[in-house]
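Data from run.txt: compact mmCIF, C-alpha atoms
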```
# COMPACT_ATOMS: atom_id res chain seq x y z
CA MET H 1478 -29.80 -55.13 -40.81
CA ALA H 1479 -26.59 -55.57 -38.79
CA ASN H 1480 -28.41 -54.73 -35.55
CA SER H 1481 -31.26 -57.14 -36.32
CA GLU H 1482 -28.76 -59.90 -37.16
CA THR H 1483 -26.82 -59.19 -33.98
CA SER H 1484 -30.03 -59.42 -31.95
CA ALA H 1485 -30.94 -62.65 -33.73
CA ALA H 1486 -27.51 -64.10 -33.00
CA LEU H 1487 -27.73 -63.25 -29.32
CA SER H 1488 -31.10 -65.01 -29.16
CA LEU H 1489 -29.29 -68.30 -29.86
CA LEU H 1490 -26.64 -67.92 -27.16
CA ASN H 1491 -28.60 -69.37 -24.28
CA ALA H 1492 -29.97 -72.68 -23.02
CA ARG H 1493 -33.58 -71.66 -23.64
CA ALA H 1494 -32.95 -71.46 -27.39
CA VAL H 1495 -31.35 -74.92 -27.34
CA ARG H 1496 -34.34 -76.43 -25.56
CA GLU H 1497 -36.99 -74.66 -27.64
CA ARG H 1498 -35.47 -75.65 -30.97
CA ALA H 1499 -34.68 -79.20 -29.84
CA HIS H 1500 -38.31 -79.73 -28.88
CA ARG H 1501 -39.39 -78.23 -32.18
CA MET H 1502 -37.16 -80.78 -33.94
CA LEU H 1503 -38.82 -83.53 -31.88
CA ALA H 1504 -42.29 -82.29 -32.81
CA ILE H 1505 -41.35 -82.36 -36.50
CA GLY H 1506 -40.01 -85.88 -36.01
CA LEU H 1507 -43.21 -87.01 -34.31
CA ASP H 1508 -45.01 -85.86 -37.45
CA ASP H 1509 -42.58 -88.12 -39.37
CA ARG H 1510 -41.15 -85.18 -41.30
CA LEU H 1511 -37.43 -85.44 -40.49
CA PRO H 1512 -35.01 -86.49 -43.24
CA ASN H 1513 -32.83 -88.88 -41.23
CA PHE H 1514 -34.65 -90.44 -38.26
CA ARG H 1515 -37.97 -91.94 -37.31
CA ILE H 1516 -39.02 -91.66 -33.67
CA HIS H 1517 -40.49 -94.62 -31.79
CA LEU H 1518 -41.90 -93.29 -28.53
CA ASP H 1519 -43.14 -96.78 -27.64
CA ARG H 1520 -39.51 -97.53 -26.72
CA MET H 1521 -39.24 -94.63 -24.25
CA ASP H 1522 -40.39 -96.77 -21.32
CA ASP H 1523 -37.45 -99.09 -22.02
CA ALA H 1524 -35.10 -96.09 -21.96
CA VAL H 1525 -36.53 -94.87 -18.65
CA ASP H 1526 -36.31 -98.38 -17.18
CA LEU H 1527 -32.65 -98.71 -18.16
CA VAL H 1528 -31.73 -95.27 -16.79
CA LEU H 1529 -33.49 -96.06 -13.51
CA GLN H 1530 -31.79 -99.45 -13.25
CA THR H 1531 -28.37 -97.98 -14.09
CA THR H 1532 -28.78 -95.16 -11.56
CA ARG H 1533 -29.89 -97.49 -8.76
CA LYS H 1534 -26.93 -99.77 -9.35
CA ALA H 1535 -24.41 -96.90 -9.14
CA TYR H 1536 -26.23 -94.90 -6.43
CA PRO H 1537 -28.46 -97.23 -4.35
CA SER H 1538 -29.48 -94.39 -2.02
CA PHE H 1539 -30.16 -92.14 -5.01
CA GLU H 1540 -27.75 -89.53 -3.66
CA VAL H 1541 -26.52 -88.75 -7.15
CA PRO H 1542 -23.92 -86.00 -7.70
CA PHE H 1543 -24.17 -83.52 -10.55
CA HIS H 1544 -22.92 -84.50 -13.98
CA SER H 1545 -19.68 -82.55 -14.29
CA ARG H 1546 -15.97 -82.78 -14.97
CA TRP H 1547 -15.30 -83.21 -11.25
CA ARG H 1548 -16.59 -86.79 -11.36
CA HIS H 1549 -13.67 -87.71 -13.63
CA PHE H 1550 -11.15 -86.56 -11.04
CA VAL H 1551 -12.29 -89.38 -8.73
CA MET H 1552 -10.81 -92.85 -9.22
CA ASN H 1553 -12.19 -95.73 -7.14
CA GLY H 1554 -13.25 -93.33 -4.41
CA ASP H 1555 -9.93 -91.46 -4.52
CA ASN H 1556 -10.76 -87.78 -5.09
CA ARG H 1557 -7.55 -86.58 -6.71
CA TRP H 1558 -8.42 -82.88 -6.86
CA ALA H 1559 -9.74 -82.73 -3.29
CA ASP H 1560 -6.52 -84.37 -2.08
CA ILE H 1561 -4.50 -81.65 -3.80
CA ALA H 1562 -6.73 -78.68 -2.98
CA ASN H 1563 -7.14 -79.55 0.70
CA GLN H 1564 -3.38 -79.39 1.21
CA ILE H 1565 -3.17 -75.81 -0.07
CA HIS H 1566 -3.44 -72.80 2.22
CA TRP H 1567 -5.69 -70.71 -0.01
CA PRO H 1568 -5.74 -67.01 0.93
CA ASP H 1569 -9.53 -66.97 0.48
CA ARG H 1570 -12.33 -68.93 -1.16
CA ALA H 1571 -12.05 -66.89 -4.35
CA ALA H 1572 -8.43 -68.00 -4.86
CA ARG H 1573 -9.47 -71.64 -4.76
CA ALA H 1574 -12.41 -70.94 -7.06
CA ARG H 1575 -10.14 -69.28 -9.64
CA ALA H 1576 -7.88 -72.34 -9.61
CA GLU H 1577 -10.89 -74.64 -9.97
CA PHE H 1578 -12.21 -72.54 -12.86
CA ASP H 1579 -8.77 -72.78 -14.52
CA LEU H 1580 -8.75 -76.54 -14.11
CA ALA H 1581 -12.35 -77.10 -15.21
CA ILE H 1582 -12.13 -74.86 -18.28
CA VAL H 1583 -8.86 -76.31 -19.57
CA SER H 1584 -9.92 -79.88 -18.78
CA VAL H 1585 -13.30 -79.53 -20.51
CA PHE H 1586 -11.66 -77.98 -23.57
CA LEU H 1587 -9.47 -81.09 -23.79
CA ASP H 1588 -12.47 -83.39 -23.34
CA ALA H 1589 -13.71 -83.89 -26.90
CA GLY H 1590 -14.02 -87.58 -27.82
CA ALA H 1591 -10.74 -89.47 -27.47
CA GLY H 1592 -11.56 -92.26 -29.91
CA PRO H 1593 -11.63 -95.99 -29.09
CA SER H 1594 -7.86 -96.65 -28.99
CA TRP H 1595 -6.35 -94.01 -26.70
CA ARG H 1596 -5.62 -94.81 -23.05
CA TYR H 1597 -4.10 -92.83 -20.19
CA HIS H 1598 -1.86 -95.06 -18.09
CA ASP H 1599 -2.46 -93.74 -14.60
CA PRO H 1600 0.90 -93.56 -12.76
CA LYS H 1601 -0.79 -93.88 -9.37
CA THR H 1602 -2.61 -97.16 -10.04
CA GLY H 1603 -1.00 -98.43 -13.23
CA THR H 1604 -4.46 -98.70 -14.76
CA PRO H 1605 -5.08 -97.85 -18.44
CA ILE H 1606 -8.11 -95.51 -18.62
CA GLY H 1607 -9.78 -94.39 -21.83
CA ARG H 1608 -12.22 -91.76 -23.01
CA SER H 1609 -13.46 -88.95 -20.73
CA GLU H 1610 -12.20 -90.48 -17.49
CA GLY H 1611 -8.70 -90.86 -18.92
CA LEU H 1612 -8.69 -87.36 -20.35
CA GLY H 1613 -9.88 -86.04 -17.00
CA LEU H 1614 -7.12 -87.68 -14.98
CA ALA H 1615 -4.49 -86.74 -17.57
CA SER H 1616 -5.52 -83.09 -17.62
CA LEU H 1617 -5.60 -82.98 -13.82
CA ALA H 1618 -2.08 -84.42 -13.66
CA MET H 1619 -0.89 -81.80 -16.15
CA PHE H 1620 -2.55 -79.02 -14.15
CA ALA H 1621 -1.10 -80.24 -10.84
CA ALA H 1622 2.36 -80.37 -12.41
CA GLY H 1623 2.10 -76.74 -13.51
CA ALA H 1624 1.85 -77.46 -17.24
CA PHE H 1625 -0.40 -74.43 -17.79
CA SER H 1626 1.20 -72.06 -15.26
CA ALA H 1627 3.64 -69.24 -16.00
CA ASP H 1628 4.92 -69.30 -12.41
CA PRO H 1629 6.74 -72.45 -11.18
CA ARG H 1630 5.98 -71.36 -7.62
CA GLN H 1631 2.23 -71.48 -8.34
CA PRO H 1632 1.53 -74.59 -10.40
CA LEU H 1633 -2.24 -74.64 -9.79
CA ARG H 1634 -3.20 -72.07 -12.38
CA ALA H 1635 -3.61 -71.64 -16.12
CA ASP H 1636 -2.11 -68.45 -17.52
CA ALA H 1637 -3.21 -66.95 -20.82
CA GLU H 1638 0.35 -66.59 -22.09
CA VAL H 1639 1.10 -70.29 -21.54
CA LEU H 1640 -2.13 -71.47 -23.13
CA ALA H 1641 -1.63 -69.19 -26.15
CA ASN H 1642 1.73 -70.81 -26.88
CA PHE H 1643 0.96 -74.41 -25.96
CA SER H 1644 2.57 -76.91 -28.30
CA VAL H 1645 1.40 -80.16 -29.79
CA ALA H 1646 4.48 -81.84 -28.30
CA GLU H 1647 3.54 -80.67 -24.79
CA LEU H 1648 0.04 -82.04 -25.11
CA GLU H 1649 1.33 -85.29 -26.58
CA ARG H 1650 3.52 -85.74 -23.50
CA GLY H 1651 0.78 -84.83 -21.05
CA LEU H 1652 -1.79 -87.10 -22.67
CA GLN H 1653 0.74 -89.87 -23.37
CA VAL H 1654 0.00 -89.81 -27.10
CA SER H 1655 2.16 -91.95 -29.38
CA ASP H 1656 1.92 -93.97 -32.58
CA SER H 1657 0.75 -96.91 -30.47
CA ASN H 1658 -1.59 -94.73 -28.37
CA PRO H 1659 -3.29 -92.39 -30.87
CA LEU H 1660 -5.70 -89.67 -29.80
CA VAL H 1661 -8.40 -88.35 -32.12
CA GLY H 1662 -8.27 -84.59 -32.78
CA LEU H 1663 -4.99 -83.79 -31.02
CA GLU H 1664 -4.22 -80.75 -33.17
CA GLY H 1665 -7.79 -79.48 -32.73
CA ARG H 1666 -7.39 -79.58 -28.95
CA VAL H 1667 -4.10 -77.69 -29.07
CA ASP H 1668 -5.63 -75.09 -31.36
CA LEU H 1669 -8.50 -74.70 -28.91
CA LEU H 1670 -6.10 -74.13 -26.00
CA ARG H 1671 -4.20 -71.54 -28.02
CA ARG H 1672 -7.39 -69.77 -28.99
CA LEU H 1673 -8.46 -69.79 -25.34
CA GLY H 1674 -5.15 -68.27 -24.25
CA ALA H 1675 -5.19 -65.58 -26.94
CA LEU H 1676 -8.79 -64.63 -26.17
CA VAL H 1677 -8.24 -64.49 -22.40
CA ALA H 1678 -5.14 -62.33 -22.93
CA SER H 1679 -7.11 -59.94 -25.14
CA LYS H 1680 -9.87 -59.51 -22.54
CA ALA H 1681 -7.98 -58.47 -19.45
CA ASP H 1682 -11.04 -56.56 -18.24
CA VAL H 1683 -12.98 -59.84 -18.14
CA PHE H 1684 -10.33 -62.38 -17.17
CA GLY H 1685 -7.75 -60.30 -15.31
CA SER H 1686 -9.56 -58.07 -12.85
CA PHE H 1687 -7.81 -59.61 -9.80
CA ASP H 1688 -4.78 -61.29 -11.37
CA LYS H 1689 -2.90 -61.77 -14.60
CA PRO H 1690 -5.31 -62.86 -17.35
CA ARG H 1691 -6.38 -66.45 -16.78
CA PRO H 1692 -9.58 -68.42 -17.46
CA GLY H 1693 -10.19 -68.49 -13.70
CA GLY H 1694 -10.76 -64.74 -13.83
CA LEU H 1695 -14.25 -65.59 -15.04
CA PHE H 1696 -15.09 -66.56 -11.47
CA ASP H 1697 -14.90 -62.93 -10.38
CA ARG H 1698 -17.10 -61.91 -13.30
CA LEU H 1699 -19.80 -64.41 -12.32
CA ALA H 1700 -19.49 -63.72 -8.60
CA ALA H 1701 -20.16 -60.05 -9.31
CA GLN H 1702 -23.42 -61.02 -11.05
CA ALA H 1703 -24.69 -63.00 -8.06
CA GLU H 1704 -27.50 -61.21 -6.24
CA ASN H 1705 -27.69 -62.04 -2.56
CA GLN H 1706 -25.09 -64.74 -3.23
CA GLN H 1707 -27.42 -66.44 -5.73
CA LEU H 1708 -26.80 -67.06 -9.43
CA PRO H 1709 -29.03 -68.92 -11.94
CA ALA H 1710 -27.22 -71.68 -13.83
CA PRO H 1711 -28.29 -70.38 -17.27
CA ALA H 1712 -26.40 -67.16 -16.49
CA ILE H 1713 -23.19 -69.22 -16.30
CA LEU H 1714 -23.80 -70.57 -19.78
CA SER H 1715 -24.72 -67.18 -21.23
CA GLU H 1716 -21.49 -65.70 -19.89
CA LEU H 1717 -19.44 -68.58 -21.30
CA LEU H 1718 -21.06 -68.23 -24.72
CA ARG H 1719 -20.60 -64.47 -24.83
CA GLU H 1720 -17.02 -64.41 -23.61
CA LEU H 1721 -15.62 -67.63 -25.11
CA GLY H 1722 -17.67 -67.86 -28.30
CA PRO H 1723 -14.91 -66.64 -30.65
CA ILE H 1724 -12.70 -69.59 -29.63
CA TRP H 1725 -14.60 -72.18 -31.64
CA PRO H 1726 -13.00 -72.65 -35.08
CA SER H 1727 -14.64 -72.51 -38.51
CA ARG H 1728 -18.18 -72.14 -37.24
CA LEU H 1729 -21.17 -70.05 -38.18
CA THR H 1730 -21.37 -66.34 -37.44
CA LEU H 1731 -24.35 -64.02 -37.58
CA GLY H 1732 -24.18 -60.25 -37.29
CA GLY H 1733 -20.46 -60.59 -36.58
CA ILE H 1734 -21.10 -62.84 -33.57
CA ALA H 1735 -19.66 -66.36 -33.42
CA LEU H 1736 -22.46 -68.85 -32.75
CA GLY H 1737 -20.27 -71.63 -31.34
CA ASP H 1738 -21.79 -75.12 -31.35
CA CYS H 1739 -24.63 -74.12 -33.68
CA TRP H 1740 -25.43 -75.82 -36.97
CA LYS H 1741 -27.78 -75.76 -39.95
CA HIS H 1742 -30.75 -78.07 -40.36
CA PRO H 1743 -33.33 -77.70 -43.12
CA ALA H 1744 -36.33 -78.51 -40.92
CA LEU H 1745 -35.95 -75.54 -38.57
CA THR H 1746 -37.32 -72.69 -40.65
CA THR H 1747 -38.18 -69.39 -38.98
CA MET H 1748 -39.14 -65.92 -40.18
CA ASP H 1749 -35.90 -64.24 -39.07
CA ALA H 1750 -32.14 -64.47 -39.60
CA THR H 1751 -31.92 -67.58 -37.40
CA SER H 1752 -33.85 -69.70 -39.90
CA GLY H 1753 -32.39 -73.17 -40.25
CA LEU H 1754 -30.10 -72.83 -37.21
CA MET H 1755 -29.90 -75.36 -34.36
CA PRO H 1756 -27.86 -74.23 -31.32
CA LEU H 1757 -26.54 -77.05 -29.09
CA HIS H 1758 -23.60 -75.64 -27.08
CA LYS H 1759 -22.60 -79.07 -25.77
CA LEU H 1760 -19.08 -78.35 -24.49
CA SER H 1761 -20.15 -74.95 -23.15
CA GLN H 1762 -23.02 -76.55 -21.22
CA TRP H 1763 -20.73 -79.35 -19.98
CA LEU H 1764 -18.47 -76.55 -18.76
CA ALA H 1765 -21.38 -74.66 -17.20
CA TYR H 1766 -22.34 -77.79 -15.25
CA SER H 1767 -18.70 -78.14 -14.22
CA LEU H 1768 -18.49 -74.58 -12.87
CA ILE H 1769 -21.47 -75.03 -10.54
CA GLU H 1770 -19.50 -76.80 -7.80
CA PRO H 1771 -16.61 -74.29 -7.62
CA LEU H 1772 -19.17 -71.50 -7.30
CA GLN H 1773 -21.00 -73.42 -4.58
CA THR H 1774 -17.72 -74.06 -2.73
CA ALA H 1775 -17.09 -70.31 -2.86
CA GLY H 1776 -20.43 -69.71 -1.12
CA ILE H 1777 -22.63 -68.84 -4.10
CA ARG H 1778 -25.99 -70.62 -4.33
CA ILE H 1779 -26.78 -71.82 -7.87
CA THR H 1780 -30.46 -71.74 -8.82
CA ASP H 1781 -32.47 -72.97 -11.84
CA ILE H 1782 -30.04 -75.80 -12.62
CA ASP H 1783 -32.71 -77.35 -14.86
CA GLY H 1784 -32.54 -74.18 -16.92
CA LEU H 1785 -29.58 -75.84 -18.62
CA THR H 1786 -30.35 -78.67 -21.05
CA GLY H 1787 -29.21 -82.22 -21.48
CA LEU H 1788 -25.97 -82.64 -23.37
CA ALA H 1789 -26.04 -83.38 -27.10
CA GLU H 1790 -23.22 -85.89 -27.05
CA TYR H 1791 -22.70 -89.43 -28.26
CA ARG H 1792 -23.38 -91.35 -25.01
CA ASN H 1793 -26.72 -89.66 -24.37
CA GLY H 1794 -27.54 -89.79 -28.08
CA GLY H 1795 -26.32 -93.35 -28.38
CA LEU H 1796 -28.77 -94.42 -25.69
CA PHE H 1797 -31.73 -93.46 -27.88
CA VAL H 1798 -30.36 -95.07 -31.04
CA ASP H 1799 -29.27 -98.30 -29.36
CA ILE H 1800 -32.52 -98.77 -27.44
CA GLY H 1801 -34.62 -98.08 -30.52
CA VAL H 1802 -36.25 -94.73 -29.74
CA LEU H 1803 -34.46 -93.34 -32.81
CA GLY H 1804 -34.34 -95.37 -36.00
CA PHE H 1805 -32.45 -94.57 -39.21
CA ARG H 1806 -34.58 -93.93 -42.26
CA ASP H 1807 -31.68 -95.32 -44.28
CA ALA H 1808 -30.18 -98.35 -42.52
CA GLU H 1809 -26.90 -97.79 -44.38
CA ASP H 1810 -26.36 -94.60 -42.36
CA ALA H 1811 -25.31 -96.80 -39.43
CA GLN H 1812 -22.24 -97.83 -41.45
CA ARG H 1813 -21.31 -94.46 -42.96
CA ASP H 1814 -19.01 -91.81 -41.49
CA HIS H 1815 -20.80 -88.50 -40.88
CA GLU H 1816 -19.49 -84.94 -40.63
CA VAL H 1817 -20.42 -83.01 -37.49
CA ALA H 1818 -22.21 -80.45 -39.66
CA SER H 1819 -24.29 -83.06 -41.53
CA SER H 1820 -28.06 -82.85 -41.13
CA LEU H 1821 -28.05 -86.39 -39.69
CA VAL H 1822 -25.69 -85.51 -36.83
CA VAL H 1823 -27.40 -82.17 -36.14
CA GLU H 1824 -30.78 -83.91 -36.12
CA TRP H 1825 -29.51 -86.68 -33.83
CA ARG H 1826 -28.01 -84.22 -31.35
CA ALA H 1827 -31.11 -82.00 -31.27
CA LEU H 1828 -33.42 -84.97 -30.73
CA THR H 1829 -31.13 -86.14 -27.93
CA VAL H 1830 -31.67 -82.89 -26.01
CA ALA H 1831 -35.46 -83.10 -26.30
CA LEU H 1832 -35.62 -86.82 -25.50
CA LEU H 1833 -33.49 -86.33 -22.39
CA ASP H 1834 -36.22 -84.03 -21.06
CA ARG H 1835 -38.74 -86.82 -21.71
CA VAL H 1836 -36.58 -89.34 -19.84
CA ALA H 1837 -36.31 -86.88 -16.94
CA ASP H 1838 -40.11 -86.51 -16.81
CA GLY H 1839 -40.59 -90.27 -16.91
CA LEU H 1840 -38.00 -90.92 -14.22
CA ARG H 1841 -39.48 -88.32 -11.87
CA GLN H 1842 -42.97 -89.77 -12.34
CA ARG H 1843 -41.71 -93.27 -11.48
CA LEU H 1844 -39.96 -92.04 -8.34
CA GLY H 1845 -42.50 -89.43 -7.23
CA LEU H 1846 -39.85 -86.69 -7.30
CA ASP H 1847 -39.76 -83.21 -8.80
CA ALA H 1848 -37.11 -81.28 -10.71
CA THR H 1849 -35.78 -79.72 -7.51
CA SER H 1850 -35.08 -83.05 -5.82
CA LEU H 1851 -34.00 -84.80 -9.04
CA PRO H 1852 -32.55 -82.18 -11.42
CA LEU H 1853 -31.47 -83.04 -14.92
CA ALA H 1854 -27.81 -82.71 -13.86
CA LYS H 1855 -28.27 -85.78 -11.63
CA ILE H 1856 -30.23 -87.72 -14.24
CA LEU H 1857 -27.41 -87.21 -16.74
CA GLU H 1858 -24.87 -88.50 -14.23
CA GLY H 1859 -26.92 -91.37 -12.85
CA GLY H 1860 -28.11 -91.87 -15.52
CA THR H 1861 -28.47 -91.41 -19.23
CA TRP H 1862 -24.75 -91.04 -19.93
CA ALA H 1863 -23.90 -94.26 -18.10
CA ALA H 1864 -26.80 -96.13 -19.74
CA GLY H 1865 -25.62 -95.01 -23.17
CA ARG H 1866 -22.14 -96.29 -22.45
CA LEU H 1867 -23.53 -99.59 -21.12
CA LEU H 1868 -25.46 -100.22 -24.33
CA ALA H 1869 -22.44 -99.30 -26.45
CA ARG H 1870 -20.31 -101.85 -24.60
CA GLU H 1871 -22.95 -104.53 -25.06
CA ARG H 1872 -23.43 -103.90 -28.76
CA ARG H 1873 -19.96 -103.07 -30.09
CA ALA H 1874 -16.59 -104.56 -29.19
CA ASP H 1875 -14.89 -101.16 -29.01
CA ALA H 1876 -17.84 -99.53 -27.15
CA SER H 1877 -18.05 -96.92 -29.90
CA PRO H 1878 -21.24 -94.90 -30.44
CA PRO H 1879 -23.87 -96.21 -32.88
CA ILE H 1880 -23.26 -93.28 -35.24
CA LYS H 1881 -19.81 -92.76 -36.70
CA VAL H 1882 -18.92 -89.07 -36.46
CA ILE H 1883 -15.81 -87.53 -37.98
CA SER H 1884 -14.42 -85.64 -34.98
CA ASP H 1885 -12.14 -82.62 -35.09
CA GLY H 1886 -11.59 -82.61 -31.33
CA THR H 1887 -13.82 -79.59 -30.66
CA VAL H 1888 -17.42 -80.89 -30.50
CA PHE H 1889 -17.71 -84.33 -28.90
```
As structure tokens - that is how I would like this structure written.
Amino acid sequence: MANSETSAALSLLNARAVRERAHRMLAIGLDDRLPNFRIHLDRMDDAVDLVLQTTRKAYPSFEVPFHSRWRHFVMNGDNRWADIANQIHWPDRAARARAEFDLAIVSVFLDAGAGPSWRYHDPKTGTPIGRSEGLGLASLAMFAAGAFSADPRQPLRADAEVLANFSVAELERGLQVSDSNPLVGLEGRVDLLRRLGALVASKADVFGSFDKPRPGGLFDRLAAQAENQQLPAPAILSELLRELGPIWPSRLTLGGIALGDCWKHPALTTMDATSGLMPLHKLSQWLAYSLIEPLQTAGIRITDIDGLTGLAEYRNGGLFVDIGVLGFRDAEDAQRDHEVASSLVVEWRALTVALLDRVADGLRQRLGLDATSLPLAKILEGGTWAAGRLLARERRADASPPIKVISDGTVF
């Protein structure tokens, strides 16, 4: 039984399982058999139109970069990380990649929803910046200042021992949190950093093969898997889920394996131990997208980028609710607060993944492009995430998502 449960658990730790079950959820919804949402595919053309319009406005030449954490390190054309990294005399490309892995992993783990009130006051421009962009710049400033390094002579690193002992007070200072500038889920973020540090320290064979244990050691692990300097993007996610899975707090386990961002939904029945389970792996996939560029910079070609899925987060999901593709069965649900584990939120997130694939298909048909020339990573950036934010700003004064989710700082 244990072996069969372990095998079943491992079957959920990949992007293919996310996509397959998300599309199954959509099929059930198209049969009008979901408990929380009705699906109105007649509004999909409006969603595709808005995504196309939003992308063209931001990228008139359609040279769209990948959706990743690296976009948030650029402010008004000022690439903060490139300015720092290009001044360093790296001993080799792997040394830079390890630093970029350190930065991306820590920054993504701090990137759960900030809430509508928090702002990072950028010292360089004096501009108050909220949400993901603010968290990105704040985490980069902390990294550049050596906040995660055990060696003052080498600030651009994140050491396991520092992460494992990171304090709430340190993160409050770095993210400028105060009574007048509150951040949702602060303690959850600190706990995540500590869990990351403890796990990395305990797996020196994975994270410390060329250095003291650090998240950036994962670069060497992935580089070793590259055949002929090529690595499929889903392999990045699988490695992240296998090695970092135990970090996520209070989540489901199966066969002794932590399932990460995986939740229960009554519609997804199967004949094995995974019955009722919906894997989403949002932050892990956001991180996988964000590790593509450091690997490319190190000379590794990343293939099958569309093997990853769209991200089940509130901007992408908000797009479909606000534009009318998804409608509440109970209109009062728009006013209620919902737990992350609720069937409504799980359903919403799963449908978001499947509907993003439909938007991608529609966009490519309009433009006469294929998945190679217009991968999902570019559509998300161009794209669905920006269109979701645009609608939120138009419809709500605080630009909040259309569904109120009780955040613990580790999912959104």
Can you check which parts of stretch 1616-1647 of chain H lie within 10 Å of stretch 1548-1554 of chain H? Per residue, the shortest pair of atoms and distance in Å to one decimal, counting all atoms listed in the file, sorted by chain and number, as a Markdown table.
```
| residue | atom | partner | partner_atom | distance |
| --- | --- | --- | --- | --- |
| H:Ser1616 | CA | H:Phe1550 | CA | 9.3 |
| H:Leu1617 | CA | H:Phe1550 | CA | 7.2 |
| H:Ala1618 | CA | H:Phe1550 | CA | 9.7 |
```
Using all atoms listed in the file, tabulate the residues of stretch 1501-1571 of chain H lying at most 10 Å from any atom of stretch 1840-1845 of chain H, each with its closest atom pair and that distance in Å to one decimal, by chain and increasing residue number, as JSON lines.
```
{"residue": "H:Asp1522", "atom": "CA", "partner": "H:Leu1840", "partner_atom": "CA", "distance": 9.5}
{"residue": "H:Ala1524", "atom": "CA", "partner": "H:Leu1840", "partner_atom": "CA", "distance": 9.7}
{"residue": "H:Val1525", "atom": "CA", "partner": "H:Leu1840", "partner_atom": "CA", "distance": 6.1}
{"residue": "H:Asp1526", "atom": "CA", "partner": "H:Leu1840", "partner_atom": "CA", "distance": 8.2}
{"residue": "H:Val1528", "atom": "CA", "partner": "H:Leu1840", "partner_atom": "CA", "distance": 8.1}
{"residue": "H:Leu1529", "atom": "CA", "partner": "H:Leu1840", "partner_atom": "CA", "distance": 6.9}
```
Considering all atoms listed in the file, return as a PDB file with C-alpha atoms, keeping the file's coordinate frame whatever protein or nucleic-acid residues lie within 10 Å of H:Asp1688, sequence-local ones (same chain, fewer than 4 positions apart) excluded.
```
ATOM      1  CA  ARG H1575     -10.140 -69.280  -9.640  1.00  0.00           C
ATOM      2  CA  ASP H1636      -2.110 -68.450 -17.520  1.00  0.00           C
ATOM      3  CA  ALA H1681      -7.980 -58.470 -19.450  1.00  0.00           C
ATOM      4  CA  PHE H1684     -10.330 -62.380 -17.170  1.00  0.00           C
ATOM      5  CA  GLY H1693     -10.190 -68.490 -13.700  1.00  0.00           C
ATOM      6  CA  GLY H1694     -10.760 -64.740 -13.830  1.00  0.00           C
TER       7      GLY H1694
END
```
Distance in Å - atom CA of H:Glu1610 versus atom CA of H:Trp1763: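 Distance between the two atoms: 14.2 Å.
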Out of H:Leu1796, H:Ala1854, H:Ala1675, H:Val1822, which residue has the shortest atom-to-atom distance to H:Val1882 when counting only C-alpha atoms? H:Val1822
Using only C-alpha atoms, which residue out of H:Val1817, H:Ala1710, H:Ala1703, H:Ala1624 lies closest to H:Asn1491? H:Ala1710
Please report, as AutoDock Vina command-line options, the centre and edge lengths in Å to one decimal of an axis-aligned box covering all listed atoms of stretch 1792-1810 of chain H with 6 Å per side.
```
--center_x -29.8 --center_y -94.2 --center_z -34.4 --size_x 24.9 --size_y 21.1 --size_z 32.0
```
Nearest candidate to H:Trp1862 (options H:Phe1797, H:Trp1567, H:Phe1625, H:Phe1578; using only C-alpha atoms):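 Counting only C-alpha atoms, the residue closest to H:Trp1862 is H:Phe1797.
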List as a ChimeraX atom specification the protein and nucleic acid residues near H:Ala1641, meaning an atom at most 10 Å away when all atoms listed in the file are counted, but skip any in the same chain fewer than 6 places from it. /H:1625,1667-1678
Check the smallest atom-to-atom distance from each of H:Ala1869, H:Leu1633, H:Val1802, H:Ile1782 to H:Phe1620 using all atoms listed in the file, then report the winner.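 Looking at the shortest contact to H:Phe1620, the residue is H:Leu1633.
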Calculate how many Å separate atom CA of H:Val1798 from atom CA of H:Arg1520, rounding to one decimal. 10.4 Å
Rank nothing, just name the residue among H:Arg1634, H:Arg1496, H:Ala1621, H:Tyr1597 nearest to H:Glu1649, using all atoms listed in the file. H:Tyr1597
With only C-alpha atoms as the counted atoms, please give the residues lying no more than 12 Å from H:Ala1874, apart from itself and same-chain residues fewer than 6 positions off, as a ChimeraX atom specification. /H:1593-1594,1867-1868
Show me, as a VMD selection string, the residues that have an atom within 10 Å of H:Pro1743 when counting all atoms listed in the file, minus same-chain residues fewer than 2 positions from it. chain H and resid 1511 to 1512 1741 1745 to 1746 1752 to 1755 1820 1824
Output the selection as a PDB file, in the frame of the given file - C-alpha atoms for each residue.
```pdb
ATOM      1  CA  LEU H1511     -37.430 -85.440 -40.490  1.00  0.00           C
ATOM      2  CA  PRO H1512     -35.010 -86.490 -43.240  1.00  0.00           C
ATOM      3  CA  LYS H1741     -27.780 -75.760 -39.950  1.00  0.00           C
ATOM      4  CA  LEU H1745     -35.950 -75.540 -38.570  1.00  0.00           C
ATOM      5  CA  THR H1746     -37.320 -72.690 -40.650  1.00  0.00           C
ATOM      6  CA  SER H1752     -33.850 -69.700 -39.900  1.00  0.00           C
ATOM      7  CA  GLY H1753     -32.390 -73.170 -40.250  1.00  0.00           C
ATOM      8  CA  LEU H1754     -30.100 -72.830 -37.210  1.00  0.00           C
ATOM      9  CA  MET H1755     -29.900 -75.360 -34.360  1.00  0.00           C
ATOM     10  CA  SER H1820     -28.060 -82.850 -41.130  1.00  0.00           C
ATOM     11  CA  GLU H1824     -30.780 -83.910 -36.120  1.00  0.00           C
TER      12      GLU H1824
END
```
Given only C-alpha atoms as the counted atoms, nearest of H:Arg1728, H:Ala1700, H:Ala1576, H:Val1683 to H:Gly1623: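 Smallest separation from H:Gly1623 among the options: H:Ala1576.
Coordinates place atom CA of H:Gly1860 at a distance of 28.8 Å from atom CA of H:Trp1725.
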Find the residues around H:Val1495 up to 12 Å (only C-alpha atoms counted), leave out those fewer than 2 positions away in its own chain, and share them as JSON, numbers by chain. {"H": [1488, 1489, 1490, 1491, 1492, 1493, 1497, 1498, 1499, 1500, 1501, 1502, 1711, 1714, 1715, 1738, 1739, 1740, 1754, 1755, 1756, 1757, 1758, 1759, 1761, 1762, 1784, 1785, 1786, 1787, 1788, 1789, 1826, 1827, 1828, 1829, 1830, 1831]}
